[in-house]
Each structure stands twice: as structure tokens, then as C-alpha cells.
Amino acid sequence: MVTVGIDPHKHVHVAVAVGADGRTIGKPVTVKNDALLIPMLLKWIRSITDGVPVTWAIEDGRGFPRRLADGLLPTGHQVVWVPTRLASAHRKLHAATGAKSDTVSAAAAARAAIATPGLDRHRIDERVRELRVLVDYRADLIKRRTMVINQLKAQLHVWLDDTPGDLARPKQLAALNAVLDSARLSVNVRQALGDMAGEIADLNRRVADLDTTIKELVGPLAPTLLQITGISHISAAVLIAEIGDITRFPTSAKLARYTGCAPIPVYSADQERHRLHRGGNRRLNSVLYTAAIVQKRFHPAAQHLLARHEPTKGKRSARRILQRHLVDVIHRAMTTDQASWEHEITRHQLAA
């Protein structure tokens, strides 16, 4: 068994092959992150392994590491994700003091995967991959819209001493256009403010169209998940895109740790207490926070839970308890939904 550790970068990836005994095999390779990435990696590993089963260990990340993992999985090899902290620990353990390079980091990822057999395996479902692209694109559009709205509001405050309402809403944007039409402004200023308002309107349309598409995709994938109060189609899309295959979290406790909803135990002077976990996947944490706020307003069971804990825990701690409970509910719902999907996680077996 050979484990290949990969230190991914934007333009190049560095790979190191490590045997079961922890020793490197052959020479490391640096491959450009382009269309020939997967063929070059496969040609390299075949030249030094001679048909031995291969596990690809990639240091955890988003974006280009996922593209790399998606490309490796159809070859029939196993792909696992190595948390950054775990790879860092093995780098410090095996490398010389203070030593750090791409090769050292890749070897550390491989040794971490060998020492930790239960790492998350990468799996592919084409619908989840499609949804992930749309969710990421929607987040980018929202950021752009927020930036333009803030810029326009700042200029309106200077030129018209006016602060409009939520310009993401068509009615507020129409009211703003009426104000601009009647305002006494120079031609250039009117043109600039009008262009910003037009850009916001265009972004509003694109976000709305994207929301419709996401809703159509999410409906068949998450019928049980969508029944949870506070989980909209967009929230469900984020959960599916970020989590992917729910079976990689055998228990809801592991999902809670991943989302940053599990408190961290702190022991000192024979006293046990817990503190807030500020790590984890913050996008998922935001979805759970929003769901908890909605349930606080509209869900009787959640209101009862909060009323029971607020006198002793306080409002914030009670809301965090609700978020942790929601992780259990979401884990069960996603497990039920995934079991009803028409096909299993896609695995292509291609000829070597």
C-alpha cells in the first residue's frame, strides 16, 4: 500500500509517495495545476508503484483541492482529506526543527493519513458538485451586491443626505430611482449613481434567477431537511454543498464538531467547564445560527427549550444549546434524504 501526500497550491501541486513504513518512495514531483494535472500524476505514480493500491492524501482545503480530488477519484483510487492541523503536527514530528517546504508538507500529509485510518474519504455526487458551484457563485454575487449597495448608500448620504432602505428589495430600489430622477444633481453624478443603482438591479435579478435554479435542484435532494423550521432551500443547499456525503459523519457529534457547535471541554484545578468553539465550518455555523433564530420565533418546541435553559444558562448559551440540538435533527434528516437518493455516490472505474 502506497500513500501519496499532496500539498496543493493555486498554480502547482507537490506530491510525495510514502510507503506503509513511513519512508518516501521515489522522487517527489511538482505538477502544474492545468488540464494535464491528473494524467501527469498518474504517470508518475505508476512509474514508482508498479500497480500497488494507492491512497491520495490531500491537505484539507476548498477550491482547487476539491477539483484535484474530483479528478483523482474516477481512477479507482481512494482519496482522503487530511486536516491542516494534523498535517502540521506530523510535519513538526518528522521534519527537522523549523523545516518547512512543499515537499515536507506533502510527506507530512501522507504520514498523517497512514497514522489516522479514519480520515474523511472524498466522494462524488454530480448533483452535489453542481449545487456547490451554484452556492459558491451565489455567495460571490451577494458579496458584490453588498459592496455596491454600501458604496451607493455612502454617496447618497453625501449628495442627497438620504439613506435608503434595503436596496436588495425591488420596491426600495424603485423608490431610490424616483428620488434620483427628481434630485438636483450634475449630469456626471446622476450618471454614476444611476449606474450603481442599475448594477444593483442586475445583481438582484441574477440572485433571484439563481435562487430559482437552486430551489429546483434542492427539492428532490432534501425533502426531509426542508421540513425543518428555519431551513430554507438556500440553507439546505449550503448544508448539502458543504457536507456532501453525510455518511462521512457517523454521528451527529462529529458533525457538531465540524460545524463549530460542539463546546470545547476545558479542565483546570479539578474543575470541568466548557468554552465556545470559534472554529469549525463558519458557513454551516451561520446556517445553524439563522435556523435557531427562526425557530426561536416560530417553533413551539424550540421556544420551550430556550425557556427551560435561559434562566440558568443565559440567552446566548441557551441559543447555542438549540443550535447543538439542531445538528442532531439535521443529521437525521440528511441521512434519511441521502438514503432515498436515486443512485449512490458516483464512482467511476476507469481502465488504468
# chains A, B, ... in the order shown; residues from 1 in each chain; ligands from 1
>>> select_by_dssp(residues="segment 52-113 of chain A", states="alpha helix (DSSP H)", output="PyMOL selection string")
chain A and resi 64-72+84-94+102-113
>>> residues_around(residues="Glu59 of chain A", least_positions_apart="5", cutoff="6 Å", atoms="only C-alpha atoms", output="short mmCIF file (atom, residue, chain, number, x, y, z; two decimals) with N, CA and C atoms, in the first residue's frame")
data_model
loop_
_atom_site.label_atom_id
_atom_site.label_comp_id
_atom_site.auth_asym_id
_atom_site.auth_seq_id
_atom_site.Cartn_x
_atom_site.Cartn_y
_atom_site.Cartn_z
N TRP A 81 -9.06 13.27 2.95
CA TRP A 81 -8.73 14.64 3.32
C TRP A 81 -7.96 14.65 4.63
N VAL A 82 -6.84 15.36 4.66
CA VAL A 82 -6.02 15.46 5.86
C VAL A 82 -6.20 16.85 6.46
N THR A 84 -5.59 20.30 8.23
CA THR A 84 -4.36 21.10 8.23
C THR A 84 -3.58 20.94 9.53
#
>>> select_by_dssp(residues="segment 34-252 of chain A", states="strand (DSSP E or B)", output="PyMOL selection string")
chain A and resi 54-59+78-82+121+124
>>> residues_around(residues="Ala112 of chain A", least_positions_apart="3", cutoff="8 Å", atoms="only C-alpha atoms", output="VMD selection string")
chain A and resid 82 86 to 87 90 108 to 109 115 to 116
>>> closest_atom_pairs(of="segment 104-211 of chain A", to="segment 241-258 of chain A", cutoff="7 Å", atoms="only C-alpha atoms", output="tab-separated table")
residue	atom	partner	partner_atom	distance
A:Asp120	CA	A:Arg248	CA	6.0
A:Arg123	CA	A:Asp245	CA	6.9
A:Val128	CA	A:Ala241	CA	5.9
A:Leu131	CA	A:Ala241	CA	6.1
A:Arg132	CA	A:Ala241	CA	4.6
>>> residues_around(residues="Val12 of chain A", least_positions_apart="4", cutoff="7 Å", atoms="only C-alpha atoms", output="VMD selection string")
chain A and resid 8 30 to 33
>>> residues_around(residues="Leu180 of chain A", least_positions_apart="5", cutoff="8 Å", atoms="only C-alpha atoms", output="ChimeraX atom specification")
/A:190,193-194
>>> residues_around(residues="segment 311-327 of chain A", least_positions_apart="5", cutoff="6 Å", atoms="only C-alpha atoms", output="number ranges by chain")
A: 261, 288, 292, 306
>>> closest_residue(among="A:Ala333, A:Ala99, A:Val16, A:Ala183", to="Val54 of chain A", atoms="only C-alpha atoms")
A:Val16
>>> residues_around(residues="Trp56 of chain A", least_positions_apart="3", cutoff="8 Å", atoms="only C-alpha atoms", output="PyMOL selection string")
chain A and resi 3-6+77-80+110
>>> write_last_selection(atoms="C-alpha atoms", output="PDB file, in the first residue's frame")
ATOM      1  CA  THR A   3       0.072   6.744   0.268  1.00  0.00           C
ATOM      2  CA  VAL A   4       0.677   9.857  -1.809  1.00  0.00           C
ATOM      3  CA  GLY A   5       0.650  13.102   0.107  1.00  0.00           C
ATOM      4  CA  ILE A   6      -0.212  16.241  -1.846  1.00  0.00           C
ATOM      5  CA  HIS A  77      -8.031   5.116  -6.136  1.00  0.00           C
ATOM      6  CA  GLN A  78      -9.048   6.220  -2.673  1.00  0.00           C
ATOM      7  CA  VAL A  79      -8.823   9.924  -1.825  1.00  0.00           C
ATOM      8  CA  VAL A  80      -8.793  11.167   1.779  1.00  0.00           C
ATOM      9  CA  ALA A 110       0.900  11.199   3.641  1.00  0.00           C
TER      10      ALA A 110
END
>>> closest_residue(among="A:Val158, A:Asp140, A:Ala106, A:Ile231", to="Val207 of chain A", atoms="only C-alpha atoms")
A:Asp140
>>> closest_residue(among="A:Val135, A:Leu72, A:His11, A:Ala154", to="His233 of chain A", atoms="only C-alpha atoms")
A:Val135
>>> atom_distance(atom1="atom CA of Pro223 of chain A", atom2="atom CA of Ser235 of chain A")
12.9 Å
>>> atom_distance(atom1="atom CA of Thr224 of chain A", atom2="atom CA of Thr336 of chain A")
7.2 Å
>>> atom_distance(atom1="atom CA of Tyr267 of chain A", atom2="atom CA of Arg308 of chain A")
26.4 Å
>>> decode(residues="segment 12-39 of chain A", atoms="N, CA, C and O atoms", output="PDB file, in the first residue's frame")
ATOM      1  N   VAL A  12       0.560  25.073  -8.783  1.00  0.00           N
ATOM      2  CA  VAL A  12       1.223  23.770  -8.835  1.00  0.00           C
ATOM      3  C   VAL A  12       0.813  22.935  -7.628  1.00  0.00           C
ATOM      4  O   VAL A  12       0.392  23.476  -6.598  1.00  0.00           O
ATOM      5  N   HIS A  13       0.929  21.616  -7.774  1.00  0.00           N
ATOM      6  CA  HIS A  13       0.720  20.688  -6.667  1.00  0.00           C
ATOM      7  C   HIS A  13       2.000  19.873  -6.500  1.00  0.00           C
ATOM      8  O   HIS A  13       2.600  19.436  -7.488  1.00  0.00           O
ATOM      9  N   VAL A  14       2.390  19.652  -5.260  1.00  0.00           N
ATOM     10  CA  VAL A  14       3.588  18.866  -4.958  1.00  0.00           C
ATOM     11  C   VAL A  14       3.143  17.551  -4.338  1.00  0.00           C
ATOM     12  O   VAL A  14       2.363  17.542  -3.378  1.00  0.00           O
ATOM     13  N   ALA A  15       3.647  16.419  -4.886  1.00  0.00           N
ATOM     14  CA  ALA A  15       3.245  15.094  -4.420  1.00  0.00           C
ATOM     15  C   ALA A  15       4.465  14.300  -3.973  1.00  0.00           C
ATOM     16  O   ALA A  15       5.528  14.359  -4.597  1.00  0.00           O
ATOM     17  N   VAL A  16       4.288  13.555  -2.884  1.00  0.00           N
ATOM     18  CA  VAL A  16       5.339  12.694  -2.343  1.00  0.00           C
ATOM     19  C   VAL A  16       4.708  11.342  -2.032  1.00  0.00           C
ATOM     20  O   VAL A  16       3.667  11.267  -1.358  1.00  0.00           O
ATOM     21  N   ALA A  17       5.336  10.247  -2.503  1.00  0.00           N
ATOM     22  CA  ALA A  17       4.849   8.891  -2.234  1.00  0.00           C
ATOM     23  C   ALA A  17       5.532   8.353  -0.983  1.00  0.00           C
ATOM     24  O   ALA A  17       6.752   8.448  -0.832  1.00  0.00           O
ATOM     25  N   VAL A  18       4.745   7.774  -0.094  1.00  0.00           N
ATOM     26  CA  VAL A  18       5.252   7.239   1.169  1.00  0.00           C
ATOM     27  C   VAL A  18       4.742   5.818   1.339  1.00  0.00           C
ATOM     28  O   VAL A  18       3.551   5.545   1.132  1.00  0.00           O
ATOM     29  N   GLY A  19       5.638   4.891   1.728  1.00  0.00           N
ATOM     30  CA  GLY A  19       5.251   3.506   1.947  1.00  0.00           C
ATOM     31  C   GLY A  19       4.600   3.308   3.301  1.00  0.00           C
ATOM     32  O   GLY A  19       4.514   4.234   4.123  1.00  0.00           O
ATOM     33  N   ALA A  20       4.145   2.076   3.555  1.00  0.00           N
ATOM     34  CA  ALA A  20       3.475   1.781   4.823  1.00  0.00           C
ATOM     35  C   ALA A  20       4.396   1.967   6.015  1.00  0.00           C
ATOM     36  O   ALA A  20       3.934   2.192   7.142  1.00  0.00           O
ATOM     37  N   ASP A  21       5.716   1.882   5.798  1.00  0.00           N
ATOM     38  CA  ASP A  21       6.680   2.062   6.883  1.00  0.00           C
ATOM     39  C   ASP A  21       7.019   3.528   7.143  1.00  0.00           C
ATOM     40  O   ASP A  21       7.836   3.840   8.016  1.00  0.00           O
ATOM     41  N   GLY A  22       6.405   4.449   6.379  1.00  0.00           N
ATOM     42  CA  GLY A  22       6.647   5.869   6.578  1.00  0.00           C
ATOM     43  C   GLY A  22       7.807   6.430   5.795  1.00  0.00           C
ATOM     44  O   GLY A  22       8.105   7.624   5.904  1.00  0.00           O
ATOM     45  N   ARG A  23       8.467   5.593   4.997  1.00  0.00           N
ATOM     46  CA  ARG A  23       9.609   6.066   4.206  1.00  0.00           C
ATOM     47  C   ARG A  23       9.144   6.503   2.826  1.00  0.00           C
ATOM     48  O   ARG A  23       8.247   5.904   2.232  1.00  0.00           O
ATOM     49  N   THR A  24       9.796   7.537   2.298  1.00  0.00           N
ATOM     50  CA  THR A  24       9.430   8.041   0.972  1.00  0.00           C
ATOM     51  C   THR A  24       9.859   7.063  -0.106  1.00  0.00           C
ATOM     52  O   THR A  24      10.852   6.347   0.034  1.00  0.00           O
ATOM     53  N   ILE A  25       9.092   7.044  -1.189  1.00  0.00           N
ATOM     54  CA  ILE A  25       9.371   6.157  -2.318  1.00  0.00           C
ATOM     55  C   ILE A  25       9.579   7.024  -3.547  1.00  0.00           C
ATOM     56  O   ILE A  25       8.752   7.884  -3.868  1.00  0.00           O
ATOM     57  N   GLY A  26      10.673   6.777  -4.256  1.00  0.00           N
ATOM     58  CA  GLY A  26      10.941   7.542  -5.458  1.00  0.00           C
ATOM     59  C   GLY A  26      11.206   9.008  -5.159  1.00  0.00           C
ATOM     60  O   GLY A  26      11.491   9.401  -4.026  1.00  0.00           O
ATOM     61  N   LYS A  27      11.091   9.808  -6.197  1.00  0.00           N
ATOM     62  CA  LYS A  27      11.331  11.238  -6.057  1.00  0.00           C
ATOM     63  C   LYS A  27      10.015  12.003  -6.023  1.00  0.00           C
ATOM     64  O   LYS A  27       9.051  11.617  -6.692  1.00  0.00           O
ATOM     65  N   PRO A  28       9.977  13.086  -5.268  1.00  0.00           N
ATOM     66  CA  PRO A  28       8.771  13.934  -5.282  1.00  0.00           C
ATOM     67  C   PRO A  28       8.556  14.518  -6.673  1.00  0.00           C
ATOM     68  O   PRO A  28       9.474  14.592  -7.492  1.00  0.00           O
ATOM     69  N   VAL A  29       7.342  14.945  -6.932  1.00  0.00           N
ATOM     70  CA  VAL A  29       7.025  15.523  -8.224  1.00  0.00           C
ATOM     71  C   VAL A  29       6.233  16.811  -8.014  1.00  0.00           C
ATOM     72  O   VAL A  29       5.424  16.916  -7.091  1.00  0.00           O
ATOM     73  N   THR A  30       6.501  17.787  -8.858  1.00  0.00           N
ATOM     74  CA  THR A  30       5.750  19.042  -8.870  1.00  0.00           C
ATOM     75  C   THR A  30       5.028  19.133 -10.206  1.00  0.00           C
ATOM     76  O   THR A  30       5.661  19.078 -11.268  1.00  0.00           O
ATOM     77  N   VAL A  31       3.710  19.239 -10.156  1.00  0.00           N
ATOM     78  CA  VAL A  31       2.896  19.199 -11.366  1.00  0.00           C
ATOM     79  C   VAL A  31       2.082  20.479 -11.470  1.00  0.00           C
ATOM     80  O   VAL A  31       1.521  20.948 -10.472  1.00  0.00           O
ATOM     81  N   LYS A  32       2.006  21.052 -12.658  1.00  0.00           N
ATOM     82  CA  LYS A  32       1.212  22.254 -12.880  1.00  0.00           C
ATOM     83  C   LYS A  32      -0.270  21.949 -12.710  1.00  0.00           C
ATOM     84  O   LYS A  32      -0.749  20.871 -13.086  1.00  0.00           O
ATOM     85  N   ASN A  33      -0.997  22.907 -12.168  1.00  0.00           N
ATOM     86  CA  ASN A  33      -2.435  22.755 -11.969  1.00  0.00           C
ATOM     87  C   ASN A  33      -3.160  23.172 -13.247  1.00  0.00           C
ATOM     88  O   ASN A  33      -3.728  24.258 -13.337  1.00  0.00           O
ATOM     89  N   ASP A  34      -3.130  22.277 -14.240  1.00  0.00           N
ATOM     90  CA  ASP A  34      -3.775  22.559 -15.519  1.00  0.00           C
ATOM     91  C   ASP A  34      -4.503  21.317 -15.998  1.00  0.00           C
ATOM     92  O   ASP A  34      -4.748  20.380 -15.224  1.00  0.00           O
ATOM     93  N   ALA A  35      -4.839  21.281 -17.275  1.00  0.00           N
ATOM     94  CA  ALA A  35      -5.625  20.170 -17.812  1.00  0.00           C
ATOM     95  C   ALA A  35      -4.877  18.839 -17.768  1.00  0.00           C
ATOM     96  O   ALA A  35      -5.504  17.770 -17.773  1.00  0.00           O
ATOM     97  N   LEU A  36      -3.549  18.878 -17.729  1.00  0.00           N
ATOM     98  CA  LEU A  36      -2.752  17.648 -17.714  1.00  0.00           C
ATOM     99  C   LEU A  36      -2.386  17.201 -16.307  1.00  0.00           C
ATOM    100  O   LEU A  36      -1.578  16.283 -16.131  1.00  0.00           O
ATOM    101  N   LEU A  37      -2.976  17.816 -15.293  1.00  0.00           N
ATOM    102  CA  LEU A  37      -2.632  17.518 -13.913  1.00  0.00           C
ATOM    103  C   LEU A  37      -2.830  16.044 -13.574  1.00  0.00           C
ATOM    104  O   LEU A  37      -1.895  15.374 -13.098  1.00  0.00           O
ATOM    105  N   ILE A  38      -4.016  15.506 -13.798  1.00  0.00           N
ATOM    106  CA  ILE A  38      -4.328  14.123 -13.423  1.00  0.00           C
ATOM    107  C   ILE A  38      -3.487  13.123 -14.226  1.00  0.00           C
ATOM    108  O   ILE A  38      -2.891  12.209 -13.639  1.00  0.00           O
ATOM    109  N   PRO A  39      -3.401  13.240 -15.566  1.00  0.00           N
ATOM    110  CA  PRO A  39      -2.545  12.301 -16.316  1.00  0.00           C
ATOM    111  C   PRO A  39      -1.094  12.316 -15.855  1.00  0.00           C
ATOM    112  O   PRO A  39      -0.452  11.251 -15.777  1.00  0.00           O
TER     113      PRO A  39
END
